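Pasted below: final_23.txt, compact mmCIF, C-alpha atoms.
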```txt
# COMPACT_ATOMS: atom_id res chain seq x y z
CA MET A 14 7.53 31.35 -55.06
CA SER A 15 4.38 31.33 -52.97
CA VAL A 16 2.02 28.43 -53.54
CA ALA A 17 -1.56 27.87 -52.40
CA LEU A 18 -1.83 24.18 -51.61
CA ASP A 19 -5.61 23.98 -51.41
CA THR A 20 -6.06 24.10 -55.18
CA TRP A 21 -4.00 21.12 -56.32
CA SER A 22 -3.63 17.39 -55.65
CA ASP A 23 -0.59 15.44 -54.54
CA GLU A 24 -0.08 14.11 -58.06
CA ASP A 25 0.52 17.66 -59.32
CA ALA A 26 3.82 17.93 -57.44
CA SER A 27 5.83 15.88 -59.93
CA ALA A 28 4.68 18.15 -62.76
CA VAL A 29 6.05 21.35 -61.22
CA PRO A 30 9.31 22.28 -62.97
CA GLY A 31 12.38 23.20 -61.02
CA LEU A 32 11.38 21.62 -57.72
CA HIS A 33 12.83 18.15 -58.16
CA GLY A 34 16.07 16.74 -59.50
CA GLN A 35 18.30 19.54 -58.19
CA PRO A 36 21.72 18.59 -56.82
CA ARG A 37 21.39 20.70 -53.68
CA PRO A 38 19.81 19.06 -50.62
CA ARG A 39 16.34 20.42 -49.89
CA VAL A 40 14.95 21.35 -46.48
CA LEU A 41 11.35 22.14 -45.57
CA ILE A 42 11.05 24.50 -42.58
CA ALA A 43 7.79 23.81 -40.70
CA THR A 44 6.45 26.30 -38.17
CA THR A 45 3.03 27.20 -36.80
CA VAL A 46 4.04 30.45 -35.10
CA PRO A 47 5.43 33.69 -36.62
CA TRP A 48 8.80 33.52 -34.88
CA PHE A 49 11.68 35.41 -36.48
CA ALA A 50 14.05 32.64 -35.35
CA SER A 51 12.52 30.35 -38.00
CA ALA A 52 13.56 32.78 -40.72
CA ARG A 53 17.03 33.07 -39.21
CA LEU A 54 17.32 29.29 -39.26
CA ALA A 55 16.24 29.22 -42.91
CA LEU A 56 19.11 31.57 -43.74
CA ALA A 57 21.55 29.28 -41.93
CA PHE A 58 20.33 26.34 -44.01
CA ALA A 59 20.68 28.38 -47.21
CA ASP A 60 24.21 29.40 -46.21
CA SER A 61 24.97 25.72 -45.59
CA GLY A 62 24.11 24.77 -49.15
CA PHE A 63 20.45 23.78 -48.80
CA ALA A 64 17.60 24.81 -51.06
CA VAL A 65 14.96 26.09 -48.63
CA ASP A 66 11.17 25.67 -48.67
CA ALA A 67 8.74 26.49 -45.86
CA ILE A 68 5.27 25.81 -44.53
CA CYS A 69 4.23 28.54 -42.12
CA PRO A 70 1.39 30.91 -41.16
CA PRO A 71 0.52 33.78 -43.52
CA HIS A 72 2.54 36.97 -42.97
CA HIS A 73 5.47 35.01 -41.55
CA PRO A 74 8.91 36.58 -42.20
CA LEU A 75 9.78 33.41 -44.14
CA ALA A 76 7.26 34.40 -46.82
CA GLN A 77 9.21 37.57 -47.57
CA LEU A 78 12.64 36.01 -48.07
CA THR A 79 13.62 35.77 -51.72
CA PHE A 80 15.91 32.77 -51.20
CA VAL A 81 13.00 30.64 -49.94
CA ARG A 82 11.78 28.80 -53.04
CA MET A 83 8.31 27.72 -51.95
CA ILE A 84 5.99 28.96 -49.21
CA ALA A 85 2.97 26.88 -48.22
CA SER A 86 0.34 28.13 -45.82
CA TYR A 87 0.13 26.06 -42.61
CA PRO A 88 -3.58 25.23 -42.23
CA VAL A 89 -5.02 25.66 -38.75
CA THR A 90 -7.81 23.11 -39.06
CA SER A 91 -6.12 20.40 -41.19
CA PRO A 92 -2.42 20.51 -40.33
CA LEU A 93 -1.54 16.93 -41.28
CA ALA A 94 -3.09 17.25 -44.72
CA GLY A 95 -1.26 20.54 -45.20
CA LEU A 96 2.06 19.00 -44.18
CA ARG A 97 1.51 15.99 -46.41
CA ARG A 98 0.89 18.21 -49.43
CA ALA A 99 3.79 20.52 -48.65
CA ILE A 100 6.14 17.53 -48.39
CA ALA A 101 4.88 16.12 -51.69
CA PHE A 102 5.25 19.52 -53.37
CA SER A 103 8.71 20.29 -51.98
CA GLY A 104 10.25 16.84 -52.15
CA PRO A 105 12.62 17.65 -49.28
CA ASP A 106 15.54 15.65 -47.96
CA LEU A 107 14.82 16.97 -44.47
CA VAL A 108 11.88 18.55 -42.62
CA VAL A 109 12.73 20.80 -39.67
CA PRO A 110 10.02 21.71 -37.12
CA CYS A 111 10.59 25.03 -35.34
CA ASP A 112 7.99 24.78 -32.56
CA ASP A 113 6.45 22.03 -30.45
CA ARG A 114 3.13 21.99 -32.29
CA ALA A 115 4.80 21.53 -35.69
CA ALA A 116 6.99 18.77 -34.20
CA LYS A 117 3.90 17.04 -32.81
CA HIS A 118 2.11 17.27 -36.18
CA LEU A 119 5.11 15.79 -38.00
CA ARG A 120 5.27 12.87 -35.57
CA GLN A 121 1.54 12.29 -35.96
CA LEU A 122 2.01 12.28 -39.73
CA GLN A 123 4.92 9.87 -39.31
CA VAL A 124 2.67 7.35 -37.58
CA GLN A 125 0.26 7.50 -40.53
CA SER A 126 2.93 7.33 -43.25
CA THR A 127 4.72 4.58 -45.15
CA GLY A 128 7.45 4.40 -47.76
CA GLU A 129 9.46 7.49 -48.65
CA THR A 130 7.48 9.84 -46.41
CA ALA A 131 8.03 7.61 -43.39
CA ASP A 132 11.76 7.43 -44.17
CA LEU A 133 11.93 11.22 -44.59
CA LEU A 134 10.25 11.84 -41.24
CA ALA A 135 12.47 9.29 -39.48
CA ARG A 136 15.50 11.24 -40.78
CA SER A 137 13.88 14.50 -39.71
CA VAL A 138 12.38 13.84 -36.26
CA GLY A 139 13.70 10.44 -35.19
CA ALA A 140 12.49 6.89 -34.82
CA PRO A 141 8.70 6.54 -34.45
CA GLU A 142 8.92 4.15 -31.50
CA HIS A 143 10.14 7.03 -29.33
CA TYR A 144 7.15 9.23 -30.17
CA PRO A 145 5.10 8.33 -27.03
CA LEU A 146 8.02 9.37 -24.80
CA LEU A 147 8.34 12.75 -26.51
CA LEU A 148 4.69 13.58 -25.82
CA SER A 149 5.36 13.81 -22.09
CA ARG A 150 7.94 16.00 -20.35
CA SER A 151 8.09 13.62 -17.40
CA GLN A 152 8.63 10.50 -19.55
CA THR A 153 11.29 12.27 -21.60
CA LEU A 154 13.24 13.14 -18.46
CA ALA A 155 12.70 9.64 -17.07
CA ALA A 156 14.36 8.23 -20.19
CA ALA A 157 17.29 10.63 -19.67
CA ARG A 158 17.61 9.66 -16.00
CA ALA A 159 17.68 5.98 -16.98
CA VAL A 160 20.92 6.57 -18.92
CA GLY A 161 22.60 8.42 -16.06
CA VAL A 162 21.67 12.03 -16.79
CA ARG A 163 21.14 14.30 -13.78
CA VAL A 164 17.48 15.42 -13.79
CA PRO A 165 15.22 16.88 -11.08
CA ASP A 166 12.34 14.75 -9.80
CA THR A 167 9.47 15.15 -12.27
CA ALA A 168 6.01 13.59 -12.51
CA ARG A 169 2.83 14.01 -14.53
CA THR A 170 -0.19 14.90 -12.39
CA ALA A 171 -3.69 14.08 -13.59
CA ASP A 172 -5.54 16.09 -10.95
CA ARG A 173 -5.15 18.27 -7.86
CA ALA A 174 -5.03 15.27 -5.54
CA GLN A 175 -2.00 13.82 -7.30
CA LEU A 176 -0.35 17.23 -7.35
CA ARG A 177 -0.96 17.72 -3.63
CA ALA A 178 0.41 14.28 -2.79
CA TRP A 179 3.57 14.85 -4.85
CA LEU A 180 4.18 18.23 -3.21
CA GLU A 181 3.72 16.69 0.23
CA ASP A 182 6.51 14.24 -0.57
CA HIS A 183 8.91 16.60 -2.39
CA GLY A 184 8.24 20.02 -0.88
CA PHE A 185 8.60 23.55 -2.21
CA PRO A 186 9.47 25.45 -4.28
CA ALA A 187 8.28 23.46 -7.29
CA VAL A 188 7.72 24.07 -10.99
CA LEU A 189 4.51 23.24 -12.87
CA LYS A 190 4.81 22.70 -16.64
CA THR A 191 2.22 21.71 -19.22
CA ASP A 192 2.99 19.27 -22.00
CA GLY A 193 3.10 20.86 -25.44
CA SER A 194 3.76 24.44 -24.30
CA TRP A 195 6.79 26.57 -25.14
CA GLY A 196 8.41 29.92 -24.45
CA GLY A 197 7.57 29.74 -20.75
CA SER A 198 3.84 30.15 -21.42
CA GLY A 199 2.94 26.92 -19.62
CA VAL A 200 5.37 27.21 -16.70
CA ARG A 201 4.72 28.39 -13.12
CA VAL A 202 7.01 28.39 -10.07
CA VAL A 203 5.03 27.84 -6.87
CA GLN A 204 6.04 28.36 -3.23
CA ASN A 205 3.14 26.78 -1.34
CA HIS A 206 -0.02 24.71 -1.74
CA ALA A 207 -2.26 27.73 -2.36
CA GLU A 208 -0.07 28.94 -5.23
CA ALA A 209 0.10 25.42 -6.62
CA GLU A 210 -3.71 25.11 -6.61
CA ARG A 211 -4.13 28.43 -8.40
CA ALA A 212 -1.40 27.66 -10.93
CA PHE A 213 -2.83 24.21 -11.69
CA ALA A 214 -6.31 25.66 -12.23
CA HIS A 215 -4.90 28.28 -14.59
CA LEU A 216 -2.77 25.83 -16.59
CA VAL A 217 -5.62 23.37 -17.24
CA ARG A 218 -8.14 26.08 -18.10
CA LEU A 219 -9.30 25.79 -21.71
CA PRO A 220 -9.06 28.91 -23.89
CA SER A 221 -12.30 30.63 -24.77
CA LYS A 222 -13.48 30.96 -28.35
CA VAL A 223 -12.94 34.73 -28.20
CA ARG A 224 -9.39 34.38 -26.94
CA ALA A 225 -8.49 31.71 -29.51
CA LEU A 226 -9.87 33.77 -32.41
CA LYS A 227 -8.23 36.96 -31.13
CA ARG A 228 -4.82 35.20 -31.02
CA LEU A 229 -5.42 33.91 -34.54
CA TRP A 230 -6.66 37.20 -35.99
CA VAL A 231 -4.39 39.72 -34.24
CA ASP A 232 -1.22 37.70 -33.67
CA HIS A 233 -1.54 35.31 -36.65
CA ASP A 234 -1.01 32.49 -34.17
CA GLY A 235 -3.27 29.44 -34.14
CA ALA A 236 -1.83 28.06 -30.88
CA LEU A 237 -5.16 28.18 -29.03
CA VAL A 238 -7.45 27.03 -31.84
CA GLU A 239 -6.69 23.32 -31.51
CA PRO A 240 -7.18 23.06 -27.71
CA TRP A 241 -10.35 25.17 -27.96
CA ARG A 242 -11.79 22.97 -30.76
CA LYS A 243 -10.88 19.68 -29.05
CA GLY A 244 -11.82 20.83 -25.55
CA LYS A 245 -8.97 18.82 -24.05
CA ALA A 246 -6.94 20.32 -21.19
CA PRO A 247 -3.16 19.80 -21.28
CA PHE A 248 -1.40 17.50 -18.86
CA VAL A 249 0.48 19.25 -16.05
CA ASN A 250 3.88 18.04 -14.86
CA VAL A 251 5.38 18.97 -11.51
CA GLN A 252 9.14 19.25 -11.09
CA SER A 253 11.47 19.90 -8.17
CA TYR A 254 12.87 23.42 -8.36
CA VAL A 255 16.62 23.73 -9.01
CA ASP A 256 18.19 27.04 -8.06
CA GLY A 257 20.86 28.19 -10.49
CA ALA A 258 21.66 29.70 -13.89
CA THR A 259 19.89 28.73 -17.10
CA ALA A 260 21.85 27.18 -19.95
CA ASN A 261 21.05 25.10 -23.00
CA VAL A 262 22.52 23.01 -25.78
CA ALA A 263 21.42 23.19 -29.42
CA ALA A 264 22.34 20.08 -31.37
CA ALA A 265 22.15 18.51 -34.81
CA CYS A 266 21.31 14.80 -34.50
CA ARG A 267 20.95 11.78 -36.72
CA ASP A 268 19.54 8.44 -35.54
CA GLY A 269 20.20 9.31 -31.91
CA GLU A 270 23.78 10.48 -32.44
CA ILE A 271 24.77 14.13 -32.05
CA LEU A 272 26.74 15.32 -35.08
CA SER A 273 27.36 18.85 -33.82
CA GLN A 274 26.34 20.89 -30.78
CA VAL A 275 26.79 24.30 -29.18
CA GLY A 276 26.24 25.17 -25.53
CA VAL A 277 25.20 28.59 -24.26
CA ALA A 278 24.65 30.23 -20.90
CA VAL A 279 21.57 32.45 -20.79
CA MET A 280 22.27 36.03 -19.70
CA ARG A 281 18.88 37.64 -20.42
CA THR A 282 15.39 36.34 -21.14
CA ALA A 283 12.43 37.99 -22.85
CA TYR A 284 10.50 37.74 -19.55
CA PRO A 285 10.75 35.60 -16.41
CA LEU A 286 10.92 31.91 -17.42
CA GLY A 287 10.79 33.01 -21.07
CA PRO A 288 13.10 32.39 -24.03
CA ALA A 289 16.67 33.68 -24.08
CA THR A 290 17.48 37.05 -25.64
CA VAL A 291 21.20 37.26 -24.71
CA VAL A 292 23.51 34.26 -24.53
CA ARG A 293 27.19 33.46 -24.10
CA CYS A 294 28.79 30.38 -25.67
CA VAL A 295 30.22 27.98 -23.11
CA GLU A 296 31.93 24.62 -23.00
CA CYS A 297 30.38 22.40 -20.36
CA PRO A 298 31.41 18.74 -20.58
CA GLU A 299 28.52 17.61 -18.36
CA MET A 300 25.92 19.35 -20.56
CA ALA A 301 27.53 17.95 -23.71
CA SER A 302 27.61 14.43 -22.30
CA ALA A 303 24.01 14.66 -21.02
CA ALA A 304 22.82 15.86 -24.43
CA ARG A 305 24.58 12.97 -26.20
CA ARG A 306 23.16 10.32 -23.85
CA THR A 307 19.65 11.78 -23.98
CA ALA A 308 19.67 12.06 -27.78
CA ARG A 309 20.71 8.41 -27.98
CA ALA A 310 18.06 7.28 -25.48
CA LEU A 311 15.32 9.11 -27.40
CA GLY A 312 16.57 8.29 -30.91
CA LEU A 313 16.53 11.97 -31.88
CA SER A 314 17.15 13.26 -35.40
CA GLY A 315 17.26 16.79 -36.81
CA LEU A 316 17.77 19.94 -34.76
CA CYS A 317 17.02 19.65 -31.04
CA GLY A 318 17.52 21.57 -27.82
CA PHE A 319 18.30 20.58 -24.23
CA ASP A 320 17.59 23.00 -21.35
CA PHE A 321 19.67 22.90 -18.17
CA ILE A 322 20.03 24.59 -14.80
CA ILE A 323 23.61 24.96 -13.57
CA ASP A 324 23.56 24.96 -9.77
CA ALA A 325 25.95 26.76 -7.40
CA ALA A 326 28.27 23.74 -7.35
CA GLY A 327 28.52 23.74 -11.15
CA ALA A 328 26.39 20.62 -11.68
CA ALA A 329 24.17 20.57 -14.77
CA HIS A 330 20.54 19.47 -14.29
CA LEU A 331 18.58 18.62 -17.45
CA ILE A 332 15.11 20.17 -17.01
CA GLU A 333 13.62 19.90 -20.49
CA VAL A 334 14.15 18.41 -23.95
CA ASN A 335 12.94 20.27 -27.05
CA PRO A 336 12.75 17.77 -29.96
CA ARG A 337 12.73 20.58 -32.54
CA ALA A 338 14.85 23.56 -33.61
CA THR A 339 15.57 26.20 -30.97
CA PRO A 340 16.47 29.92 -31.29
CA THR A 341 20.23 29.22 -31.25
CA GLY A 342 19.91 26.57 -33.96
CA HIS A 343 21.71 28.84 -36.43
CA PHE A 344 24.84 29.02 -34.26
CA PRO A 345 28.04 27.26 -35.33
CA ASP A 346 29.83 24.78 -33.10
CA GLY A 347 33.29 25.31 -31.66
CA HIS A 348 34.89 24.34 -34.98
CA GLY A 349 32.96 26.91 -37.00
CA LEU A 350 30.57 24.35 -38.50
CA ALA A 351 27.01 25.67 -38.56
CA LEU A 352 24.55 23.23 -37.00
CA PRO A 353 22.39 23.04 -40.18
CA ALA A 354 25.48 22.16 -42.25
CA ALA A 355 26.03 19.10 -40.08
CA LEU A 356 22.70 17.71 -41.34
CA GLY A 357 23.66 18.00 -45.01
CA PRO A 358 24.80 14.99 -47.01
CA ARG A 359 28.12 16.69 -47.74
CA ALA A 360 29.13 18.21 -44.40
CA SER A 361 32.87 18.68 -44.87
CA GLU A 362 35.83 20.90 -44.10
CA ALA A 363 34.83 23.13 -47.02
CA GLU A 364 31.71 24.16 -45.10
CA ARG A 365 33.60 25.04 -41.91
CA ARG A 366 33.62 28.80 -41.50
CA PRO A 367 34.84 30.51 -38.31
CA ILE A 368 31.76 32.71 -37.98
CA ARG A 369 32.49 33.51 -34.34
CA ASN A 370 35.90 33.65 -32.68
CA SER A 371 34.71 34.68 -29.21
CA PRO A 372 32.29 33.24 -26.65
CA GLY A 373 30.09 36.32 -26.79
CA PRO A 374 27.84 37.60 -25.35
CA PHE A 375 25.47 37.63 -28.32
CA ALA A 376 22.20 39.58 -28.19
CA LEU A 377 19.77 37.57 -30.29
CA PHE A 378 18.19 39.64 -33.05
CA PRO A 379 15.56 41.01 -32.88
CA GLN A 380 14.63 39.38 -29.57
CA GLU A 381 16.83 41.60 -27.41
CA ILE A 382 15.81 44.91 -28.96
CA ILE A 383 12.18 43.86 -28.60
CA ARG A 384 12.85 43.16 -24.91
CA ASP A 385 14.69 46.46 -24.38
CA GLU A 386 15.72 48.72 -27.24
CA LYS A 387 18.10 50.56 -24.89
CA SER A 388 19.70 47.37 -23.61
CA GLY A 389 23.38 47.68 -22.80
CA PHE A 390 24.05 44.71 -25.07
CA VAL A 391 22.38 46.50 -27.97
CA GLU A 392 24.18 49.77 -27.32
CA ALA A 393 27.48 47.88 -27.09
CA GLY A 394 26.97 46.58 -30.63
CA LEU A 395 26.55 42.93 -29.60
CA LEU A 396 23.46 42.25 -31.74
CA ASP A 397 23.69 38.94 -33.58
CA LEU A 398 22.71 40.55 -36.90
CA PRO A 399 22.34 38.44 -40.07
CA THR A 400 24.63 40.83 -41.95
CA GLN A 401 24.91 38.49 -44.94
CA SER A 402 21.19 39.06 -45.62
CA PRO A 403 20.04 42.70 -45.70
CA GLU A 404 16.47 41.59 -46.39
CA LEU A 405 16.36 39.45 -43.23
CA THR A 406 17.93 42.26 -41.21
CA SER A 407 15.21 44.63 -42.45
CA LEU A 408 12.52 42.10 -41.50
CA GLY A 409 13.98 41.84 -37.99
CA TYR A 410 13.83 45.59 -37.51
CA ALA A 411 10.27 45.56 -38.86
CA ASP A 412 9.39 42.94 -36.21
CA TRP A 413 10.85 45.24 -33.56
CA ARG A 414 8.83 48.24 -34.82
CA ARG A 415 5.61 46.19 -34.78
CA ALA A 416 6.30 45.00 -31.25
CA ARG A 417 7.17 48.54 -30.17
CA ASN A 418 3.87 49.91 -31.46
CA ARG A 419 1.61 47.28 -29.91
CA PRO A 420 -0.75 48.79 -27.33
CA SER A 421 0.75 46.68 -24.54
CA ALA A 422 4.24 47.97 -25.33
CA ARG A 423 3.05 51.58 -25.35
CA ILE A 424 1.35 51.06 -21.98
CA ARG A 425 4.55 49.59 -20.50
CA ARG A 426 6.62 52.54 -21.72
CA PHE A 427 4.07 54.99 -20.31
CA SER A 428 3.96 53.22 -16.94
CA LYS A 429 7.75 53.54 -16.59
CA MET A 430 7.28 57.29 -16.26
CA PHE A 431 5.71 56.71 -12.83
CA ARG A 432 8.25 54.22 -11.45
CA SER A 433 11.24 54.99 -9.28
CA GLN A 434 14.28 53.81 -11.24
CA ILE A 435 18.03 54.28 -11.09
CA ILE A 436 18.82 55.69 -14.52
CA ILE A 437 22.53 56.40 -13.99
CA ASP A 438 24.78 55.00 -11.28
CA ARG A 439 28.12 56.78 -10.90
CA ARG A 440 28.94 55.47 -7.43
CA ARG A 441 31.97 53.60 -8.79
```
Translate this structure into structure tokens?
Amino acid sequence: MSVALDTWSDEDASAVPGLHGQPRPRVLIATTVPWFASARLALAFADSGFAVDAICPPHHPLAQLTFVRMIASYPVTSPLAGLRRAIAFSGPDLVVPCDDRAAKHLRQLQVQSTGETADLLARSVGAPEHYPLLLSRSQTLAAARAVGVRVPDTARTADRAQLRAWLEDHGFPAVLKTDGSWGGSGVRVVQNHAEAERAFAHLVRLPSKVRALKRLWVDHDGALVEPWRKGKAPFVNVQSYVDGATANVAAACRDGEILSQVGVAVMRTAYPLGPATVVRCVECPEMASAARRTARALGLSGLCGFDFIIDAAGAAHLIEVNPRATPTGHFPDGHGLALPAALGPRASEAERRPIRNSPGPFALFPQEIIRDEKSGFVEAGLLDLPTQSPELTSLGYADWRRARNRPSARIRRFSKMFRSQIIIDRRR
């Protein structure tokens, strides 16, 4: 059921039959970017007994799933009003943001809300008093460090002078990260002052009108519209570089307590510093403990993610907190309980299903075939396919075909013809 929310008032919601009074818990998936992972998460909620609604950009895979009851268009220029109307129309028990911008909008709406909406958003994204901390990567990690979590030195830098002074004290290499970015788009690793200056200048550069509209029109992604309209550069954080392997924890939280979590080691990423495409489930007591203490310190609720670097000695360093759903949010924990099921009012033994009986590896679908359609993980049949939903599987392959036919992908394939590569290695 697709609904245009710009033609009705909030009072109309109660008059819509079939949306209220149902025994199943209701979840509203909120996302501003056309990520397939949001649709995969919606399926996990549906499998866990939830009735699923969504607010997302047009042409999102969510809009094509028949089990999603209501689809609202996420407005680029009036996001809070759009969210308010979608919440009134859906009447959800839980709202789940799937990207940082949607999470920020929900927390902004929370500050403006009272009554049932305020209670709903507290259940969904946590206590409002922690909102200022979650706006800043450096303050988030400072809160984690205060409860004994191992974190690298991190600070927010307002200008080049502050950046230069911090680097003089802490040395290189270092990592620059902007607040509010995701998927590695606002991250740079720098080796010296010259690289740091260039990276800082690039990260604080405002998008042009042409670039913002191109991203909106071609990619159906309004990520650059808001910073272009407001003309406000993001804050840049600088962090000590930790050499090691990437890992993360996806968790279901309520009032600062973790109800269920799953840890993974990252084996492949979409691009350097980008999101994971192949993971292996791991049990790491230090990561699990750090996630629990950080969630409690920040009063987190809903689905969240915690990024770590595991150094050569096996120590886990928390490098980032994602107070929203992450791409492994549909995974089950070690007991076979799907993370979304843990957020339901009736999470019980009946909902425990041993979906996976091995640590992996799992090639995330369709992320890994988009990265490399001839990947060894794909050819070995390790794709994490949503086999219970043929329609979602078809949409994933459609995403891959679209990515494969983009001009940039065709140029990359053509350029490989001129590179020296080892295609087959039989030396063993």
Atomic distance CA of Val124 (chain A) - CA of Gly196 (chain A), expressed in Å with one decimal: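 Atom-to-atom, CA of Val124 (chain A) and CA of Gly196 (chain A) are spaced 26.7 Å apart.
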Counting only C-alpha atoms, find residues at most 9 Å from (26.3, 36.7, -35.0) (file frame) and give them as a ChimeraX atom specification. /A:344,368-369,375-378,395-400
Ranking A:Ala260, A:Ala94, A:Ala416, A:Cys317 by minimum distance to Cys294 (chain A) and counting all atoms listed in the file, which one comes first?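 Looking only at the distances to Cys294 (chain A), the closest residue turns out to be A:Ala260.
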Give me the residues within 8 Å of region 296-304 of chain A as a count of residues only, counting all atoms listed in the file and dropping any in the same chain fewer than 3 places off. 15
Calculated over all atoms listed in the file, which of the candidates A:Leu41, A:Arg337, A:Asp112, A:Arg98 has the smallest distance to Met83 (chain A)? A:Leu41
I'd like the neighbourhood of region 56-63 of chain A as a VMD selection string, where a residue qualifies if any of its atoms comes within 9 Å (using all atoms listed in the file), though same-chain residues fewer than 5 positions away should be ignored. chain A and resid 37 to 40 51 78 80 to 81 342 to 344 351 to 355 357 360 364 399 402 405
Enumerate, as a PyMOL selection string, the protein, DNA and RNA residues whose atoms approach (14.2, 11.0, -45.9) to within 12 Å, taking into account all atoms listed in the file and the coordinate frame of the file. chain A and resi 38-41+100+104-109+123+127-140+267-268+314-315+356-358
So what do you get for CA of Ala55 (chain A) versus CA of Pro336 (chain A), distance-wise?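 These atoms are spaced 17.6 Å apart.
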If we count only C-alpha atoms and set the cut-off at 10 Å, which residues sit around Ala258 (chain A), ignoring sequence neighbours fewer than 6 positions away in its own chain? Please answer as a list in words.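 Counting only the stated atoms, we get Ala278, Val279, Met280, Phe321, Ile322, Ile323, Asp324, Ala325, Gly327 and Ala329 of chain A.
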Just C-alpha atoms for this one: save the residues we selected as a PDB file, in the frame of the given file.
```
ATOM      1  CA  ALA A 278      24.650  30.230 -20.900  1.00  0.00           C
ATOM      2  CA  VAL A 279      21.570  32.450 -20.790  1.00  0.00           C
ATOM      3  CA  MET A 280      22.270  36.030 -19.700  1.00  0.00           C
ATOM      4  CA  PHE A 321      19.670  22.900 -18.170  1.00  0.00           C
ATOM      5  CA  ILE A 322      20.030  24.590 -14.800  1.00  0.00           C
ATOM      6  CA  ILE A 323      23.610  24.960 -13.570  1.00  0.00           C
ATOM      7  CA  ASP A 324      23.560  24.960  -9.770  1.00  0.00           C
ATOM      8  CA  ALA A 325      25.950  26.760  -7.400  1.00  0.00           C
ATOM      9  CA  GLY A 327      28.520  23.740 -11.150  1.00  0.00           C
ATOM     10  CA  ALA A 329      24.170  20.570 -14.770  1.00  0.00           C
TER      11      ALA A 329
END
```
With distances taken over all atoms listed in the file, which of A:Leu148, A:Val46, A:Ala283, A:Leu316 is nearest to Gly193 (chain A)?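 Of all the options, A:Leu148 lies closest to Gly193 (chain A).
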Quick check, in Å to one decimal: how far apart do CA of Val391 (chain A) and CA of Arg281 (chain A) lie?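 Computed distance, CA of Val391 (chain A) to CA of Arg281 (chain A), equals 12.2 Å.
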Which residue is closest to Leu180 (chain A)? Choose from A:Glu392, A:Asp192, A:Asp346, A:Glu210 and count only C-alpha atoms.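 Closest to Leu180 (chain A), using only C-alpha atoms: A:Glu210.
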With all atoms listed in the file as the counted atoms, please give the residues lying no more than 9 Å from Val188 (chain A), apart from itself and same-chain residues fewer than 2 positions off, as an mmCIF file with C-alpha atoms, in the frame of the given file.
```cif
data_model
loop_
_atom_site.group_PDB
_atom_site.id
_atom_site.type_symbol
_atom_site.label_atom_id
_atom_site.label_comp_id
_atom_site.auth_asym_id
_atom_site.auth_seq_id
_atom_site.Cartn_x
_atom_site.Cartn_y
_atom_site.Cartn_z
ATOM 1 C CA PHE A 185 8.600 23.550 -2.210
ATOM 2 C CA PRO A 186 9.470 25.450 -4.280
ATOM 3 C CA LYS A 190 4.810 22.700 -16.640
ATOM 4 C CA VAL A 200 5.370 27.210 -16.700
ATOM 5 C CA ARG A 201 4.720 28.390 -13.120
ATOM 6 C CA VAL A 202 7.010 28.390 -10.070
ATOM 7 C CA VAL A 203 5.030 27.840 -6.870
ATOM 8 C CA ALA A 209 0.100 25.420 -6.620
ATOM 9 C CA ASN A 250 3.880 18.040 -14.860
ATOM 10 C CA VAL A 251 5.380 18.970 -11.510
ATOM 11 C CA GLN A 252 9.140 19.250 -11.090
ATOM 12 C CA SER A 253 11.470 19.900 -8.170
ATOM 13 C CA TYR A 254 12.870 23.420 -8.360
#
```
Considering all atoms listed in the file, state which residue in the set A:Gly373, A:Pro145, A:Pro47, A:Gly257 is at the smallest distance from Ile332 (chain A).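 Checking each of A:Gly373, A:Pro145, A:Pro47, A:Gly257 against Ile332 (chain A), counting all atoms listed in the file, the winner is A:Gly257.
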Out of A:Arg211, A:Arg173, A:Arg53, A:Arg309, which residue has the shortest atom-to-atom distance to Pro340 (chain A) when counting only C-alpha atoms?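 Closest residue, counting only C-alpha atoms: A:Arg53.
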